[in-house]
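Since the structure comes first, as structure tokens, the remarks are kept for the end.
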Amino acid sequence: MSEKIIDVQDLSKSFGARAVFEHAAVSVEEGTTFGLVGLNGSGKTTFIRLLLGLLKPDRGSVRVLGFEPWKHEAAYYRRLGVILDHDGFAGNLTVSENLRIFAAAKEVSWRQALDYVEKYWAGTFIREEVFGGRGKVKYLSRGQKMQCALCRAFLSRSRAYFFDEPTVSLDVDACDHFYSLVRREREAGSTVLISSHQLAAIEELCDSVGMLHGKTVTLLASGTDASVPKPWVLRARPEENVGAIIEALCNVPAAHYGGAWHFSVLNPDAAVPKLVNALVSAGCDIAEVRPELHSLKDRMRTRSRNGEGA
């Protein structure tokens, strides 16, 4: 069974008379990427600050990597890679000077830091600055400063990463680079939490997505829950035998509307190929078969309008 890296239970947090969370619960397992979305003011940054121990819960339990963040143990922070609402670099220092400070704090030797930059930041301005740049960070563009923040966050092989709006100022190449770094860490077994209004990044990278709404967290999508049937679409003529074959193999009724059959399947990797073979053998012409995707934006709007999770 996978280890719970983030385990939040019965979380409540208020600022004065304004309650941000009431009895919220979130669990994120190791080796997964979790997306955190929500409208402005819903508490995304507050949630990350609670995970970091920068804020103290009023009630409930917050544990990350087995640590209680509010205890502020140095060993805890050395296991994290973090981006909040600023790059974290001192403006009057160079990129290289800043990176030396962070490497020392994470107990990473300068030789190891240089090897990391050479391996994972080759072809970027970060590599040029670390190995020869003398300009101060305060003269960099907003996007370049964000790349500095990313370089700092991924400096050591952390077990957990918390990113608050990491792609908002990145250009196309820098964004692709960020995606590749997240995937590398996930494949290595690290857990990544990304909070963002950039829903394309959330949909591209995250295994599961939670929406902050109504002072709690509602799961919008989970690609890791094998017990939940997945919706699929199959474009074929509305003949009765098509629906019967789908129902027989998937054990669910199928509905035909919008020019396609709509159904759910528990294990698509195994069931869909069998379904296609059965339909072809029965003489059915299939124009398309694919997962039925409802955009994350649509799901957020639906829950917001219906008051779900409130």
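Every chain in the structure tokens has a letter given in the order shown (A, B, ...), and although residue numbers restart at 1 in each chain, ligands are simply numbered from 1 in the order shown.
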
Residue neighbourhood Ile202 (chain A), 9 Å, only C-alpha atoms, exclusion window fewer than 6 positions, as a JSON list (two decimals) with C-alpha atoms, in the first residue's frame:
```
[["chain", "number", "residue", "atom", "x", "y", "z"],
["A", 34, "PHE", "CA", -2.04, 16.45, -7.10],
["A", 35, "GLY", "CA", -3.66, 19.54, -8.57],
["A", 36, "LEU", "CA", -5.29, 22.12, -6.33],
["A", 37, "VAL", "CA", -7.78, 24.49, -8.00],
["A", 194, "ILE", "CA", 0.49, 22.12, -7.86],
["A", 195, "SER", "CA", -1.89, 24.98, -7.12],
["A", 196, "SER", "CA", -2.73, 27.01, -10.20],
["A", 208, "SER", "CA", -5.89, 13.78, -9.35],
["A", 209, "VAL", "CA", -7.44, 17.20, -8.83],
["A", 296, "LEU", "CA", -11.62, 20.78, -15.71]]
```

Nearby residues (only C-alpha atoms) at most 6 Å from Val28 (chain A), same-chain spacing under 5 positions excluded, as number ranges by chain: A: 4-6

Output the selection as a CSV table (one decimal), in the first residue's frame - N, CA and C atoms for each residue.
```
chain,number,residue,atom,x,y,z
A,4,LYS,N,1.0,7.6,2.6
A,4,LYS,CA,0.4,8.9,2.5
A,4,LYS,C,1.5,10.0,2.8
A,5,ILE,N,1.8,10.8,1.8
A,5,ILE,CA,2.8,11.8,2.0
A,5,ILE,C,2.1,13.1,2.6
A,6,ILE,N,0.9,13.4,2.1
A,6,ILE,CA,0.2,14.5,2.7
A,6,ILE,C,-1.1,13.9,3.3
```

Of the listed residues A:Glu203, A:Asp58, A:Asp173, A:Asp115, that which approaches Phe131 (chain A) most closely, counting only C-alpha atoms: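 Among A:Glu203, A:Asp58, A:Asp173, A:Asp115, it is A:Asp115 that comes nearest to Phe131 (chain A).
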
Tyr257 (chain A) surroundings by only C-alpha atoms, 12 Å radius, close-in-sequence under 4 positions cut, as number ranges by chain: A: 233-238, 243, 261-263

What does the file look like for those residues with C-alpha atoms, as a PDB file, in the first residue's frame?
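Written output follows (again18.pdb):
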```pdb
ATOM      1  CA  VAL A 233     -17.470   7.625 -26.154  1.00  0.00           C
ATOM      2  CA  LEU A 234     -17.880   5.344 -29.177  1.00  0.00           C
ATOM      3  CA  ARG A 235     -19.041   6.789 -32.496  1.00  0.00           C
ATOM      4  CA  ALA A 236     -21.110   4.260 -34.417  1.00  0.00           C
ATOM      5  CA  ARG A 237     -24.612   4.005 -35.858  1.00  0.00           C
ATOM      6  CA  PRO A 238     -27.466   3.828 -33.319  1.00  0.00           C
ATOM      7  CA  GLY A 243     -25.716  -1.031 -27.349  1.00  0.00           C
ATOM      8  CA  TRP A 261     -22.629   5.877 -27.757  1.00  0.00           C
ATOM      9  CA  HIS A 262     -21.808   6.913 -24.191  1.00  0.00           C
ATOM     10  CA  PHE A 263     -20.922   4.345 -21.523  1.00  0.00           C
TER      11      PHE A 263
END
```

Could you pull the residues within 12 Å of Ala19 (chain A), counting only C-alpha atoms, minus those fewer than 3 positions along the same chain, as a PDB file with N, CA and C atoms, in the first residue's frame?
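Just written: around.pdb:
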```pdb
ATOM      1  N   LEU A  11      -9.493  19.594   9.057  1.00  0.00           N
ATOM      2  CA  LEU A  11      -8.789  20.883   9.106  1.00  0.00           C
ATOM      3  C   LEU A  11      -9.771  22.047   9.174  1.00  0.00           C
ATOM      4  N   SER A  12      -9.566  22.929  10.136  1.00  0.00           N
ATOM      5  CA  SER A  12     -10.322  24.175  10.230  1.00  0.00           C
ATOM      6  C   SER A  12      -9.338  25.321  10.419  1.00  0.00           C
ATOM      7  N   LYS A  13      -9.585  26.413   9.682  1.00  0.00           N
ATOM      8  CA  LYS A  13      -8.722  27.587   9.788  1.00  0.00           C
ATOM      9  C   LYS A  13      -9.542  28.833   9.475  1.00  0.00           C
ATOM     10  N   SER A  14      -9.461  29.813  10.375  1.00  0.00           N
ATOM     11  CA  SER A  14     -10.172  31.075  10.197  1.00  0.00           C
ATOM     12  C   SER A  14      -9.216  32.227  10.374  1.00  0.00           C
ATOM     13  N   PHE A  15      -9.551  33.338   9.729  1.00  0.00           N
ATOM     14  CA  PHE A  15      -8.871  34.610   9.956  1.00  0.00           C
ATOM     15  C   PHE A  15      -9.921  35.571  10.499  1.00  0.00           C
ATOM     16  N   GLY A  16      -9.902  35.770  11.796  1.00  0.00           N
ATOM     17  CA  GLY A  16     -10.949  36.561  12.412  1.00  0.00           C
ATOM     18  C   GLY A  16     -12.283  35.836  12.288  1.00  0.00           C
ATOM     19  N   GLU A  22     -13.277  24.425   6.960  1.00  0.00           N
ATOM     20  CA  GLU A  22     -14.042  23.815   8.038  1.00  0.00           C
ATOM     21  C   GLU A  22     -14.110  22.307   7.785  1.00  0.00           C
ATOM     22  N   HIS A  23     -13.447  21.536   8.632  1.00  0.00           N
ATOM     23  CA  HIS A  23     -13.465  20.072   8.569  1.00  0.00           C
ATOM     24  C   HIS A  23     -12.988  19.547   7.200  1.00  0.00           C
ATOM     25  N   ALA A  24     -11.988  20.194   6.619  1.00  0.00           N
ATOM     26  CA  ALA A  24     -11.455  19.764   5.322  1.00  0.00           C
ATOM     27  C   ALA A  24     -10.527  18.570   5.504  1.00  0.00           C
ATOM     28  N   GLY A  41      -9.530  33.546  -3.663  1.00  0.00           N
ATOM     29  CA  GLY A  41      -9.948  33.636  -2.277  1.00  0.00           C
ATOM     30  C   GLY A  41     -10.449  32.345  -1.672  1.00  0.00           C
ATOM     31  N   SER A  42     -10.348  31.243  -2.415  1.00  0.00           N
ATOM     32  CA  SER A  42     -10.869  29.973  -1.900  1.00  0.00           C
ATOM     33  C   SER A  42      -9.928  29.323  -0.889  1.00  0.00           C
ATOM     34  N   GLY A  43      -8.664  29.755  -0.855  1.00  0.00           N
ATOM     35  CA  GLY A  43      -7.751  29.239   0.166  1.00  0.00           C
ATOM     36  C   GLY A  43      -6.601  28.403  -0.337  1.00  0.00           C
ATOM     37  N   THR A  46      -3.345  29.613   1.233  1.00  0.00           N
ATOM     38  CA  THR A  46      -3.468  29.333   2.670  1.00  0.00           C
ATOM     39  C   THR A  46      -3.225  27.853   2.947  1.00  0.00           C
ATOM     40  N   PRO A  57      -3.032  25.443  12.065  1.00  0.00           N
ATOM     41  CA  PRO A  57      -4.467  25.135  12.009  1.00  0.00           C
ATOM     42  C   PRO A  57      -5.160  25.524  13.315  1.00  0.00           C
ATOM     43  N   ASP A  58      -6.415  25.931  13.212  1.00  0.00           N
ATOM     44  CA  ASP A  58      -7.202  26.152  14.428  1.00  0.00           C
ATOM     45  C   ASP A  58      -7.598  24.816  15.044  1.00  0.00           C
ATOM     46  N   ARG A  59      -7.948  23.856  14.171  1.00  0.00           N
ATOM     47  CA  ARG A  59      -8.291  22.502  14.605  1.00  0.00           C
ATOM     48  C   ARG A  59      -7.864  21.537  13.514  1.00  0.00           C
ATOM     49  N   HIS A 213     -13.621  24.617  -2.310  1.00  0.00           N
ATOM     50  CA  HIS A 213     -14.931  25.233  -2.489  1.00  0.00           C
ATOM     51  C   HIS A 213     -15.786  24.919  -1.267  1.00  0.00           C
ATOM     52  N   GLY A 214     -16.474  25.919  -0.769  1.00  0.00           N
ATOM     53  CA  GLY A 214     -17.328  25.681   0.380  1.00  0.00           C
ATOM     54  C   GLY A 214     -16.562  25.300   1.634  1.00  0.00           C
ATOM     55  N   LYS A 215     -15.337  25.830   1.771  1.00  0.00           N
ATOM     56  CA  LYS A 215     -14.498  25.633   2.958  1.00  0.00           C
ATOM     57  C   LYS A 215     -13.988  24.197   3.111  1.00  0.00           C
ATOM     58  N   THR A 216     -14.008  23.451   2.015  1.00  0.00           N
ATOM     59  CA  THR A 216     -13.482  22.096   2.055  1.00  0.00           C
ATOM     60  C   THR A 216     -12.836  21.779   0.712  1.00  0.00           C
TER      61      THR A 216
END
```

Show me, as a JSON list (two decimals) with C-alpha atoms, in the first residue's frame, the residues that have an atom within 6 Å of Gln9 (chain A) when counting only C-alpha atoms, minus same-chain residues fewer than 2 positions from it.
```
[["chain", "number", "residue", "atom", "x", "y", "z"],
["A", 11, "LEU", "CA", -8.79, 20.88, 9.11],
["A", 25, "ALA", "CA", -9.63, 16.52, 4.53],
["A", 60, "GLY", "CA", -7.47, 19.23, 12.92],
["A", 61, "SER", "CA", -4.37, 17.35, 11.90]]
```
